[in-house]
$ cat coords.txt   # compact mmCIF, C-alpha atoms
# COMPACT_ATOMS: atom_id res chain seq x y z
CA MET A 1 -45.17 -13.12 45.43
CA ARG A 2 -45.35 -14.80 42.00
CA SER A 3 -42.19 -14.72 39.85
CA PHE A 4 -42.59 -14.54 36.11
CA ASN A 5 -39.68 -16.73 35.01
CA LEU A 6 -40.74 -17.64 31.51
CA LEU A 7 -37.29 -17.20 30.04
CA SER A 8 -35.64 -19.02 32.92
CA ILE A 9 -37.63 -22.05 31.78
CA LEU A 10 -36.09 -21.59 28.37
CA LEU A 11 -32.61 -21.74 29.91
CA ILE A 12 -33.46 -24.84 32.00
CA ARG A 13 -35.03 -26.63 29.01
CA SER A 14 -32.15 -25.71 26.72
CA ALA A 15 -29.04 -26.70 28.60
CA GLY A 16 -27.18 -26.41 25.34
CA ILE A 17 -27.41 -22.61 25.58
CA ALA A 18 -25.39 -22.59 28.78
CA LEU A 19 -22.83 -24.88 27.20
CA LEU A 20 -22.68 -22.53 24.20
CA ILE A 21 -21.91 -19.57 26.45
CA GLN A 22 -19.25 -21.45 28.39
CA THR A 23 -17.41 -22.53 25.26
CA MET A 24 -18.16 -19.31 23.33
CA LEU A 25 -19.09 -21.22 20.20
CA PRO A 26 -21.10 -19.65 17.38
CA LEU A 27 -24.88 -19.60 17.83
CA THR A 28 -27.08 -22.21 16.11
CA LEU A 29 -29.41 -20.99 13.41
CA SER A 30 -33.04 -22.04 13.23
CA ALA A 31 -34.19 -24.15 10.30
CA ALA A 32 -35.98 -21.15 8.75
CA GLU A 33 -32.68 -19.29 8.45
CA THR A 34 -30.99 -22.03 6.45
CA THR A 35 -33.45 -21.70 3.55
CA ALA A 36 -33.91 -18.86 1.07
CA TYR A 37 -36.45 -16.22 2.10
CA LYS A 38 -39.71 -16.28 0.15
CA VAL A 39 -41.39 -12.97 -0.59
CA ALA A 40 -44.60 -12.17 1.29
CA ALA A 41 -47.42 -9.66 0.81
CA GLY A 42 -46.42 -6.24 2.15
CA ASP A 43 -42.72 -6.62 1.28
CA VAL A 44 -41.06 -3.86 -0.75
CA LEU A 45 -38.87 -5.21 -3.55
CA SER A 46 -35.98 -3.38 -5.18
CA VAL A 47 -35.70 -4.30 -8.87
CA SER A 48 -32.53 -3.09 -10.60
CA VAL A 49 -32.14 -3.39 -14.37
CA TYR A 50 -28.59 -2.45 -15.32
CA GLY A 51 -28.54 0.02 -18.17
CA ASP A 52 -32.25 0.96 -17.98
CA ALA A 53 -33.32 3.38 -15.24
CA GLY A 54 -36.92 3.27 -16.47
CA LEU A 55 -37.23 -0.37 -15.42
CA THR A 56 -35.50 0.14 -12.05
CA GLY A 57 -37.42 1.02 -8.90
CA LEU A 58 -39.17 -0.06 -5.70
CA PHE A 59 -42.33 -2.18 -5.85
CA THR A 60 -44.65 -3.10 -2.98
CA VAL A 61 -46.11 -6.61 -2.98
CA SER A 62 -49.90 -6.28 -2.93
CA THR A 63 -52.28 -8.48 -0.93
CA ASP A 64 -52.85 -10.62 -4.04
CA GLY A 65 -49.13 -11.42 -4.15
CA THR A 66 -48.16 -9.36 -7.20
CA ILE A 67 -46.21 -6.25 -8.12
CA GLY A 68 -47.10 -3.86 -10.94
CA TYR A 69 -44.02 -3.86 -13.17
CA PRO A 70 -43.42 -1.78 -16.33
CA LEU A 71 -43.99 -3.64 -19.62
CA LEU A 72 -44.93 -6.88 -17.81
CA GLY A 73 -47.98 -5.71 -15.83
CA ASN A 74 -48.87 -7.68 -12.66
CA VAL A 75 -46.05 -10.11 -11.83
CA ILE A 76 -46.71 -12.84 -9.24
CA VAL A 77 -43.89 -12.75 -6.67
CA VAL A 78 -45.35 -14.10 -3.41
CA ASP A 79 -43.82 -17.36 -2.08
CA LYS A 80 -40.85 -16.96 -4.47
CA THR A 81 -37.21 -16.18 -3.72
CA VAL A 82 -35.62 -12.99 -5.06
CA ASN A 83 -33.43 -15.11 -7.36
CA GLN A 84 -36.51 -16.77 -8.86
CA ILE A 85 -38.23 -13.40 -9.31
CA GLY A 86 -35.16 -11.87 -10.93
CA SER A 87 -34.82 -14.80 -13.33
CA GLU A 88 -38.51 -14.65 -14.33
CA ILE A 89 -38.47 -10.87 -14.89
CA SER A 90 -35.24 -11.13 -16.90
CA ARG A 91 -36.77 -13.91 -18.99
CA ASP A 92 -40.01 -12.01 -19.66
CA LEU A 93 -38.22 -8.71 -20.38
CA ALA A 94 -36.28 -10.45 -23.14
CA ASN A 95 -39.48 -10.27 -25.18
CA TYR A 96 -39.26 -6.44 -25.12
CA VAL A 97 -35.61 -5.49 -24.55
CA VAL A 98 -32.41 -7.48 -24.91
CA ASN A 99 -29.22 -7.75 -22.88
CA ARG A 100 -30.74 -6.56 -19.62
CA SER A 101 -29.37 -7.95 -16.34
CA VAL A 102 -31.96 -7.95 -13.54
CA ALA A 103 -31.21 -7.99 -9.80
CA VAL A 104 -33.98 -8.25 -7.21
CA ALA A 105 -33.63 -7.69 -3.46
CA VAL A 106 -35.99 -7.18 -0.55
CA LYS A 107 -35.75 -3.49 0.32
CA GLU A 108 -38.23 -3.67 3.19
CA TYR A 109 -39.93 -6.65 4.76
CA ALA A 110 -43.59 -6.58 5.71
CA PRO A 111 -43.70 -5.60 9.42
CA ILE A 112 -44.60 -8.03 12.19
CA TYR A 113 -46.77 -7.28 15.21
CA ILE A 114 -47.01 -8.45 18.79
CA VAL A 115 -50.05 -7.95 21.03
CA GLY A 116 -51.24 -9.13 24.42
CA ASP A 117 -49.40 -9.32 27.74
CA VAL A 118 -46.14 -7.63 26.71
CA GLN A 119 -44.59 -4.35 27.76
CA LYS A 120 -44.31 -2.83 24.28
CA PRO A 121 -46.95 -4.21 21.92
CA GLY A 122 -47.00 -2.89 18.38
CA LYS A 123 -45.22 -3.08 15.04
CA TYR A 124 -41.63 -4.30 14.64
CA GLU A 125 -39.21 -4.76 11.78
CA PHE A 126 -39.02 -8.28 10.41
CA ARG A 127 -35.73 -10.11 9.88
CA PRO A 128 -35.54 -13.49 8.10
CA GLY A 129 -34.92 -16.27 10.59
CA MET A 130 -36.63 -14.54 13.53
CA ILE A 131 -38.34 -16.72 16.10
CA VAL A 132 -41.21 -15.95 18.46
CA LEU A 133 -38.89 -15.55 21.46
CA GLU A 134 -36.84 -12.85 19.70
CA LEU A 135 -39.93 -10.76 19.01
CA PHE A 136 -41.05 -11.32 22.62
CA ALA A 137 -37.68 -10.01 23.81
CA LEU A 138 -37.90 -6.96 21.54
CA ALA A 139 -41.31 -6.20 23.04
CA GLY A 140 -39.75 -6.02 26.52
CA GLY A 141 -41.04 -9.31 27.88
CA LEU A 142 -44.07 -9.68 30.12
CA ARG A 143 -46.19 -6.64 30.85
CA GLU A 144 -46.27 -7.02 34.66
CA THR A 145 -43.13 -4.99 35.34
CA THR A 146 -43.95 -4.48 39.03
CA VAL A 147 -43.42 -8.18 39.76
CA ARG A 148 -39.90 -9.43 40.36
CA THR A 149 -38.88 -11.14 37.15
CA ASP A 150 -35.85 -13.10 36.07
CA THR A 151 -34.90 -11.24 32.88
CA SER A 152 -31.70 -13.14 32.16
CA GLY A 153 -33.37 -15.04 29.31
CA ILE A 154 -34.45 -11.83 27.59
CA GLN A 155 -30.99 -10.37 28.08
CA LEU A 156 -29.44 -13.51 26.64
CA VAL A 157 -31.63 -13.37 23.51
CA ALA A 158 -30.75 -9.70 23.05
CA ALA A 159 -27.03 -10.45 23.47
CA GLN A 160 -27.28 -13.35 21.04
CA GLN A 161 -29.02 -11.12 18.49
CA GLU A 162 -26.32 -8.47 18.86
CA TYR A 163 -23.62 -11.10 18.36
CA GLU A 164 -25.45 -12.38 15.28
CA ASP A 165 -25.67 -8.88 13.81
CA LEU A 166 -21.99 -8.26 14.49
CA SER A 167 -21.07 -11.56 12.82
CA LEU A 168 -23.02 -10.51 9.74
CA GLN A 169 -21.28 -7.11 9.69
CA LEU A 170 -17.88 -8.77 10.01
CA LEU A 171 -18.69 -11.23 7.24
CA SER A 172 -19.77 -8.38 4.94
CA GLN A 173 -16.57 -6.44 5.64
CA ASP A 174 -14.45 -9.56 5.12
CA VAL A 175 -15.99 -10.25 1.69
CA LYS A 176 -15.51 -6.60 0.73
CA ARG A 177 -11.87 -6.82 1.85
CA VAL A 178 -11.23 -9.78 -0.46
CA ARG A 179 -12.89 -7.96 -3.36
CA LEU A 180 -10.74 -4.85 -2.82
CA GLU A 181 -7.57 -6.93 -2.57
CA ALA A 182 -8.44 -8.49 -5.94
CA GLU A 183 -8.84 -5.00 -7.44
CA LEU A 184 -5.58 -3.86 -5.88
CA ARG A 185 -3.63 -6.84 -7.25
CA ASP A 186 -5.52 -7.13 -10.58
CA THR A 187 -6.53 -10.72 -9.80
CA ALA A 188 -9.85 -12.57 -10.00
CA PHE A 189 -12.32 -12.15 -7.13
CA ASN A 190 -12.75 -15.47 -5.31
CA TYR A 191 -13.95 -15.46 -1.70
CA SER A 192 -12.86 -18.29 0.60
CA ASN A 193 -13.62 -17.71 4.27
CA ASN A 194 -11.31 -19.32 6.82
CA GLU A 195 -13.21 -18.11 9.88
CA PRO A 196 -15.65 -20.85 11.05
CA ALA A 197 -17.46 -18.32 13.24
CA LEU A 198 -18.67 -16.55 10.11
CA LEU A 199 -19.79 -19.66 8.23
CA ARG A 200 -23.27 -19.54 9.71
CA ASP A 201 -25.79 -19.37 6.91
CA PRO A 202 -24.67 -20.45 3.43
CA GLY A 203 -27.55 -18.57 1.87
CA THR A 204 -26.51 -15.29 3.51
CA ILE A 205 -22.87 -15.80 2.54
CA ASP A 206 -23.83 -16.52 -1.08
CA LYS A 207 -25.95 -13.37 -1.16
CA ILE A 208 -23.16 -11.14 0.18
CA VAL A 209 -20.50 -12.74 -2.03
CA GLY A 210 -22.81 -12.43 -5.04
CA ALA A 211 -23.33 -8.72 -4.41
CA GLU A 212 -19.59 -8.06 -4.10
CA SER A 213 -18.89 -10.23 -7.17
CA THR A 214 -21.40 -8.18 -9.18
CA LEU A 215 -19.78 -4.94 -7.99
CA TYR A 216 -16.33 -6.31 -8.89
CA ARG A 217 -17.46 -7.16 -12.43
CA LEU A 218 -19.21 -3.82 -12.94
CA ARG A 219 -16.18 -1.81 -11.77
CA LEU A 220 -13.80 -3.90 -13.88
CA SER A 221 -16.06 -3.65 -16.92
CA ALA A 222 -16.35 0.12 -16.51
CA MET A 223 -12.57 0.47 -16.35
CA GLN A 224 -12.05 -1.81 -19.36
CA ASN A 225 -14.65 0.07 -21.40
CA GLU A 226 -13.04 3.40 -20.58
CA LYS A 227 -9.63 2.00 -21.45
CA SER A 228 -10.95 0.67 -24.78
CA ASN A 229 -12.40 4.09 -25.60
CA LEU A 230 -9.12 5.79 -24.76
CA GLU A 231 -7.15 3.26 -26.83
CA ALA A 232 -9.44 4.00 -29.78
CA GLN A 233 -8.83 7.75 -29.34
CA ARG A 234 -5.11 7.15 -29.13
CA GLN A 235 -5.15 5.16 -32.39
CA ASN A 236 -7.07 7.94 -34.10
CA PHE A 237 -4.44 10.47 -33.04
CA VAL A 238 -1.65 8.13 -34.20
CA GLU A 239 -3.23 7.90 -37.64
CA GLU A 240 -3.79 11.68 -37.72
CA ILE A 241 -0.12 12.28 -36.83
CA GLU A 242 1.04 9.93 -39.61
CA THR A 243 -1.16 11.76 -42.13
CA LEU A 244 0.06 15.19 -41.00
CA GLU A 245 3.71 14.11 -41.11
CA LYS A 246 3.30 12.88 -44.70
CA GLY A 247 1.55 16.13 -45.65
CA ASN A 248 4.31 18.18 -44.04
CA ALA A 249 6.95 16.26 -45.97
CA LEU A 250 5.20 17.05 -49.26
CA ARG A 251 4.70 20.72 -48.33
CA THR A 252 8.39 21.00 -47.39
CA GLN A 253 9.39 19.70 -50.81
CA GLN A 254 7.00 22.14 -52.49
CA PHE A 255 8.39 24.96 -50.37
CA GLN A 256 11.93 24.10 -51.41
CA LEU A 257 10.95 23.96 -55.08
CA LEU A 258 9.18 27.33 -54.86
CA GLY A 259 12.30 28.76 -53.24
CA MET A 260 14.34 27.58 -56.17
CA ASP A 261 11.81 29.15 -58.56
CA VAL A 262 12.08 32.48 -56.71
CA ASP A 263 15.90 32.39 -56.96
CA ALA A 264 15.66 31.64 -60.68
CA SER A 265 13.13 34.44 -61.23
CA GLU A 266 15.38 36.92 -59.43
CA GLU A 267 18.24 35.89 -61.70
CA LEU A 268 16.06 36.41 -64.77
CA VAL A 269 14.90 39.82 -63.54
CA THR A 270 18.52 40.83 -63.02
CA ARG A 271 19.25 39.91 -66.63
CA GLY A 272 16.09 41.65 -67.83
CA ALA A 273 14.59 38.37 -69.04
CA ALA A 274 11.63 38.41 -66.62
CA SER A 275 9.33 41.01 -65.15
CA GLN A 276 9.11 42.16 -61.53
CA SER A 277 5.42 41.18 -61.41
CA ALA A 278 6.30 37.54 -62.17
CA LEU A 279 8.90 37.61 -59.39
CA ARG A 280 6.39 39.04 -56.92
CA GLU A 281 3.85 36.33 -57.83
CA ARG A 282 6.47 33.63 -57.13
CA LYS A 283 7.27 35.21 -53.79
CA ARG A 284 3.56 35.30 -52.84
CA GLU A 285 3.28 31.58 -53.66
CA LEU A 286 6.36 30.93 -51.52
CA LEU A 287 4.85 32.84 -48.58
CA ALA A 288 1.52 31.02 -48.92
CA MET A 289 3.25 27.65 -48.91
CA ASN A 290 5.27 28.68 -45.86
CA GLN A 291 2.02 29.62 -44.06
CA GLN A 292 0.49 26.25 -44.94
CA LEU A 293 3.57 24.49 -43.63
CA LEU A 294 3.40 26.41 -40.33
CA GLU A 295 -0.32 25.64 -39.91
CA SER A 296 0.23 21.95 -40.63
CA SER A 297 3.08 21.87 -38.10
CA SER A 298 0.74 23.41 -35.54
CA PHE A 299 -1.88 20.74 -36.24
CA LEU A 300 0.80 18.07 -35.90
CA ALA A 301 1.94 19.43 -32.53
CA ARG A 302 -1.66 19.55 -31.26
CA ALA A 303 -2.30 15.95 -32.37
CA GLU A 304 0.87 14.76 -30.61
CA GLN A 305 -0.18 16.63 -27.48
CA ASN A 306 -3.61 14.98 -27.58
CA LYS A 307 -2.04 11.56 -28.06
CA ASN A 308 0.22 12.10 -25.04
CA GLU A 309 -2.78 13.20 -22.93
CA VAL A 310 -4.74 10.07 -23.85
CA GLU A 311 -1.75 7.87 -23.02
CA ARG A 312 -1.48 9.59 -19.64
CA ARG A 313 -5.17 8.94 -18.93
CA ILE A 314 -4.73 5.25 -19.85
CA LEU A 315 -1.93 4.94 -17.31
CA GLU A 316 -4.01 6.72 -14.67
CA LEU A 317 -6.89 4.22 -14.97
CA ALA A 318 -5.03 1.37 -13.27
CA THR A 319 -3.35 3.73 -10.80
CA LYS A 320 -6.68 5.20 -9.70
CA ARG A 321 -8.21 1.74 -9.30
CA HIS A 322 -5.32 0.66 -7.11
CA ASN A 323 -5.33 3.85 -5.04
CA ASP A 324 -9.09 3.66 -4.43
CA ALA A 325 -8.83 0.01 -3.38
CA ALA A 326 -5.90 0.73 -1.04
CA THR A 327 -7.78 3.60 0.64
CA GLU A 328 -10.90 1.49 1.19
CA LEU A 329 -8.81 -1.42 2.48
CA ARG A 330 -7.29 0.81 5.14
CA ASP A 331 -10.73 1.89 6.33
CA ILE A 332 -12.02 -1.69 6.32
CA GLY A 333 -9.10 -2.80 8.48
CA PHE A 334 -10.10 -0.29 11.17
CA GLU A 335 -13.77 -1.26 10.92
CA MET A 336 -13.10 -5.00 11.21
CA ALA A 337 -10.92 -4.46 14.26
CA ARG A 338 -13.72 -2.46 15.88
CA ILE A 339 -16.32 -5.15 15.13
CA ARG A 340 -14.09 -7.92 16.50
CA LYS A 341 -13.67 -6.01 19.74
CA LYS A 342 -17.45 -5.58 20.06
CA MET A 343 -17.97 -9.30 19.36
CA SER A 344 -15.52 -10.20 22.11
CA PHE A 345 -17.40 -7.96 24.52
CA SER A 346 -20.71 -9.51 23.42
CA LEU A 347 -19.41 -13.02 24.13
CA GLN A 348 -18.29 -11.91 27.58
CA THR A 349 -21.74 -10.44 28.21
CA MET A 350 -23.44 -13.70 27.22
CA ALA A 351 -21.16 -15.64 29.55
CA GLU A 352 -22.07 -13.36 32.46
CA ILE A 353 -25.79 -13.64 31.68
CA GLY A 354 -25.50 -17.43 31.54
CA ALA A 355 -23.74 -17.54 34.90
CA SER A 356 -26.48 -15.36 36.38
CA ALA A 357 -29.21 -17.58 34.92
CA ARG A 358 -27.71 -20.71 36.46
CA ARG A 359 -28.03 -19.13 39.89
CA VAL A 360 -31.84 -19.15 39.70
CA LYS A 361 -32.90 -21.54 42.51
CA SER A 362 -36.66 -21.78 42.46
CA LEU A 363 -39.15 -22.13 39.67
CA ASP A 364 -42.07 -23.22 41.87
CA GLN A 365 -44.39 -20.30 41.25
CA MET A 366 -44.72 -19.90 37.54
CA ILE A 367 -47.04 -18.28 35.11
CA GLN A 368 -47.44 -20.18 31.89
CA THR A 369 -47.08 -18.07 28.79
CA ARG A 370 -48.97 -18.95 25.65
CA PHE A 371 -47.99 -17.80 22.19
CA SER A 372 -50.17 -17.85 19.10
CA VAL A 373 -49.79 -16.49 15.59
CA VAL A 374 -52.39 -14.81 13.40
CA ARG A 375 -51.36 -15.36 9.81
CA GLN A 376 -52.91 -14.54 6.46
CA SER A 377 -53.68 -17.38 4.10
CA GLY A 378 -55.03 -16.07 0.83
CA THR A 379 -57.68 -13.49 1.74
CA ALA A 380 -58.45 -15.05 5.17
CA TYR A 381 -56.68 -15.03 8.52
CA GLY A 382 -56.21 -17.98 10.86
CA GLU A 383 -54.80 -18.22 14.38
CA THR A 384 -52.89 -21.16 15.82
CA ASP A 385 -50.67 -21.86 18.84
CA VAL A 386 -46.89 -21.76 18.35
CA GLU A 387 -43.78 -22.53 20.40
CA GLU A 388 -41.11 -20.13 21.59
CA GLN A 389 -38.70 -21.41 18.94
CA SER A 390 -41.24 -21.24 16.09
CA ALA A 391 -40.20 -19.22 13.04
CA ILE A 392 -41.98 -15.94 12.27
CA ALA A 393 -43.05 -14.96 8.77
CA ALA A 394 -43.30 -11.41 7.44
CA GLY A 395 -46.71 -9.91 8.25
CA ASP A 396 -47.38 -12.23 11.22
CA VAL A 397 -49.22 -11.06 14.35
CA ILE A 398 -48.02 -12.74 17.55
CA ARG A 399 -50.39 -12.85 20.53
CA VAL A 400 -49.00 -13.36 24.05
CA SER A 401 -51.34 -14.61 26.78
CA LEU A 402 -50.74 -15.48 30.45
CA LEU A 403 -52.22 -18.56 32.12
CA ALA A 404 -51.95 -19.70 35.74
CA ALA A 405 -49.66 -22.68 36.31
CA GLY A 406 -51.51 -25.92 35.76
CA THR A 407 -54.45 -24.26 34.01
CA PRO A 408 -55.27 -25.93 30.70
CA ALA A 409 -55.17 -23.56 27.77
CA PRO A 410 -58.56 -22.74 26.32
CA PRO A 411 -59.11 -24.00 22.78
CA ARG A 412 -58.01 -21.55 20.12
CA SER A 413 -60.23 -21.03 17.11
CA LEU A 414 -58.34 -21.70 13.90
CA SER A 415 -61.07 -20.56 11.57
CA GLY A 416 -60.20 -17.81 9.11
CA VAL A 417 -61.45 -14.28 9.58
CA ASN A 418 -62.01 -12.25 6.43
$ encode --input "coords.txt" --output "structure tokens"
Amino acid sequence: MRSFNLLSILLIRSAGIALLIQTMLPLTLSAAETTAYKVAAGDVLSVSVYGDAGLTGLFTVSTDGTIGYPLLGNVIVVDKTVNQIGSEISRDLANYVVNRSVAVAVKEYAPIYIVGDVQKPGKYEFRPGMIVLELFALAGGLRETTVRTDTSGIQLVAAQQEYEDLSLQLLSQDVKRVRLEAELRDTAFNYSNNEPALLRDPGTIDKIVGAESTLYRLRLSAMQNEKSNLEAQRQNFVEEIETLEKGNALRTQQFQLLGMDVDASEELVTRGAASQSALRERKRELLAMNQQLLESSSFLARAEQNKNEVERRILELATKRHNDAATELRDIGFEMARIRKKMSFSLQTMAEIGASARRVKSLDQMIQTRFSVVRQSGTAYGETDVEEQSAIAAGDVIRVSLLAAGTPAPPRSLSGVN
């Protein structure tokens, strides 16, 4: 009976994989993963303009490589990185609005497809850096499930992908941890990773660090703005209190003088030198001044109370920032410990798969597997043969075909199909 050992060949050809499993070193990235991703037709871009919700939203890249963006119309984005797109949009928006910071990210990648002799043909989610063999593994391998097959290669790819995803999660949590520690200690955010296992793709690290750095600046700016507003309110209350205190001092003097006038009028009435009506008028003036003094004192007390409340809120700003950071740090500690445990288990799984793969004795009866990619170029499509380690682009269609061992592959037409 024939044995479909396509992925065993991969293990035999790539002895470095077995050495990787034995030493439990980090996986090697493909060349495509070390460069910045370039936007393709079918991708969904998230454009965020801080301070302007009307210019923020999701935009699908059309087949002509553009997005319809407010104010700017059709913007060409295909074959550009998100940093290039963000810089160009920010530059062009400056002609309409000023002081707008633009951030662009890929919200959804154009899907990829696999057809032919696989167990689960269809549409799959694209991830930058994917290779043909990863998509083949996601599709369940060869379609002939009734034949005894060495699946260790597929299992190894799946385990490697899981380890890669866990490494990315751990890196993200580690960068967030450093950012929260900076907020807790009121220091500058500066990420320096001392774990070689996480230093895999400089582009990915820069993207994660950049996102956390932006969040750090936004949170700090929001706190500083709120503090500035509160300080301005506090100064207003201080000036109001000074004005009220001066007014109260003058009213107190007037009250004392009116009291003296009332005493003098009473003396004159006693002697018959003044009328009772004049005395009553003086007393009414004294009562009115007393009422004004009480009202002013009430205003003064309210202003002092408001000033104390603002000062309390100023003190709470830093305390709240520290408490929030401490709470999130505690949760991140638990999450990082969980991820590390899963990574350790993943490494153990890869080691066991590698040991199982090395026990494969015979590769005499083989079925050759041929991979080809159908890719859009402009408005046309072309198909060409690819290798197992070839990089996949968003929107690609991978075709898997089986050939008998020793049978030459038929020529593949590379002409475009509209």
$ residues_around --input "coords.txt" --residues "Ser48 in chain A" --least-positions-apart "6" --cutoff "10 Å" --atoms "only C-alpha atoms" --output "VMD selection string"
chain A and resid 54 to 58 86 100 to 105
$ residues_around --input "coords.txt" --residues "Ile85 in chain A" --least-positions-apart "2" --cutoff "12 Å" --atoms "all atoms listed in the file" --output "ChimeraX atom specification"
/A:37-39,45-48,66-67,69,75-83,87-92,102-106
$ write_last_selection --input "coords.txt" --atoms "C-alpha atoms" --output "mmCIF file, keeping the file's coordinate frame"
data_model
loop_
_atom_site.group_PDB
_atom_site.id
_atom_site.type_symbol
_atom_site.label_atom_id
_atom_site.label_comp_id
_atom_site.auth_asym_id
_atom_site.auth_seq_id
_atom_site.Cartn_x
_atom_site.Cartn_y
_atom_site.Cartn_z
ATOM 1 C CA TYR A 37 -36.450 -16.220 2.100
ATOM 2 C CA LYS A 38 -39.710 -16.280 0.150
ATOM 3 C CA VAL A 39 -41.390 -12.970 -0.590
ATOM 4 C CA LEU A 45 -38.870 -5.210 -3.550
ATOM 5 C CA SER A 46 -35.980 -3.380 -5.180
ATOM 6 C CA VAL A 47 -35.700 -4.300 -8.870
ATOM 7 C CA SER A 48 -32.530 -3.090 -10.600
ATOM 8 C CA THR A 66 -48.160 -9.360 -7.200
ATOM 9 C CA ILE A 67 -46.210 -6.250 -8.120
ATOM 10 C CA TYR A 69 -44.020 -3.860 -13.170
ATOM 11 C CA VAL A 75 -46.050 -10.110 -11.830
ATOM 12 C CA ILE A 76 -46.710 -12.840 -9.240
ATOM 13 C CA VAL A 77 -43.890 -12.750 -6.670
ATOM 14 C CA VAL A 78 -45.350 -14.100 -3.410
ATOM 15 C CA ASP A 79 -43.820 -17.360 -2.080
ATOM 16 C CA LYS A 80 -40.850 -16.960 -4.470
ATOM 17 C CA THR A 81 -37.210 -16.180 -3.720
ATOM 18 C CA VAL A 82 -35.620 -12.990 -5.060
ATOM 19 C CA ASN A 83 -33.430 -15.110 -7.360
ATOM 20 C CA SER A 87 -34.820 -14.800 -13.330
ATOM 21 C CA GLU A 88 -38.510 -14.650 -14.330
ATOM 22 C CA ILE A 89 -38.470 -10.870 -14.890
ATOM 23 C CA SER A 90 -35.240 -11.130 -16.900
ATOM 24 C CA ARG A 91 -36.770 -13.910 -18.990
ATOM 25 C CA ASP A 92 -40.010 -12.010 -19.660
ATOM 26 C CA VAL A 102 -31.960 -7.950 -13.540
ATOM 27 C CA ALA A 103 -31.210 -7.990 -9.800
ATOM 28 C CA VAL A 104 -33.980 -8.250 -7.210
ATOM 29 C CA ALA A 105 -33.630 -7.690 -3.460
ATOM 30 C CA VAL A 106 -35.990 -7.180 -0.550
#
$ closest_residue --input "coords.txt" --among "A:Gly259, A:Gly140, A:Gly129, A:Gly272" --to "Gly203 in chain A" --atoms "all atoms listed in the file"
A:Gly129
$ residues_around --input "coords.txt" --residues "Glu281 in chain A" --least-positions-apart "3" --cutoff "12 Å" --atoms "all atoms listed in the file" --output "list in words"
Leu258, Asp261, Val262, Ser265, Glu266, Ala274, Ser275, Gln276, Ser277, Ala278, Arg284, Glu285, Leu286, Leu287 and Ala288 of chain A
$ residues_around --input "coords.txt" --residues "Leu180 in chain A" --least-positions-apart "3" --cutoff "8 Å" --atoms "all atoms listed in the file" --output "number ranges by chain"
A: 176-177, 183-184, 325-326, 328-329
$ atom_distance --input "coords.txt" --atom1 "CA of Gly42 in chain A" --atom2 "CA of Thr60 in chain A"
6.3 Å
$ closest_residue --input "coords.txt" --among "A:Arg340, A:Ala137, A:Val374, A:Tyr50" --to "Leu168 in chain A" --atoms "all atoms listed in the file"
A:Arg340
$ residues_around --input "coords.txt" --residues "Asn248 in chain A" --least-positions-apart "6" --cutoff "9 Å" --atoms "only C-alpha atoms" --output "list in words"
Gln292, Leu293, Ser296, Ser297 and Leu300 of chain A
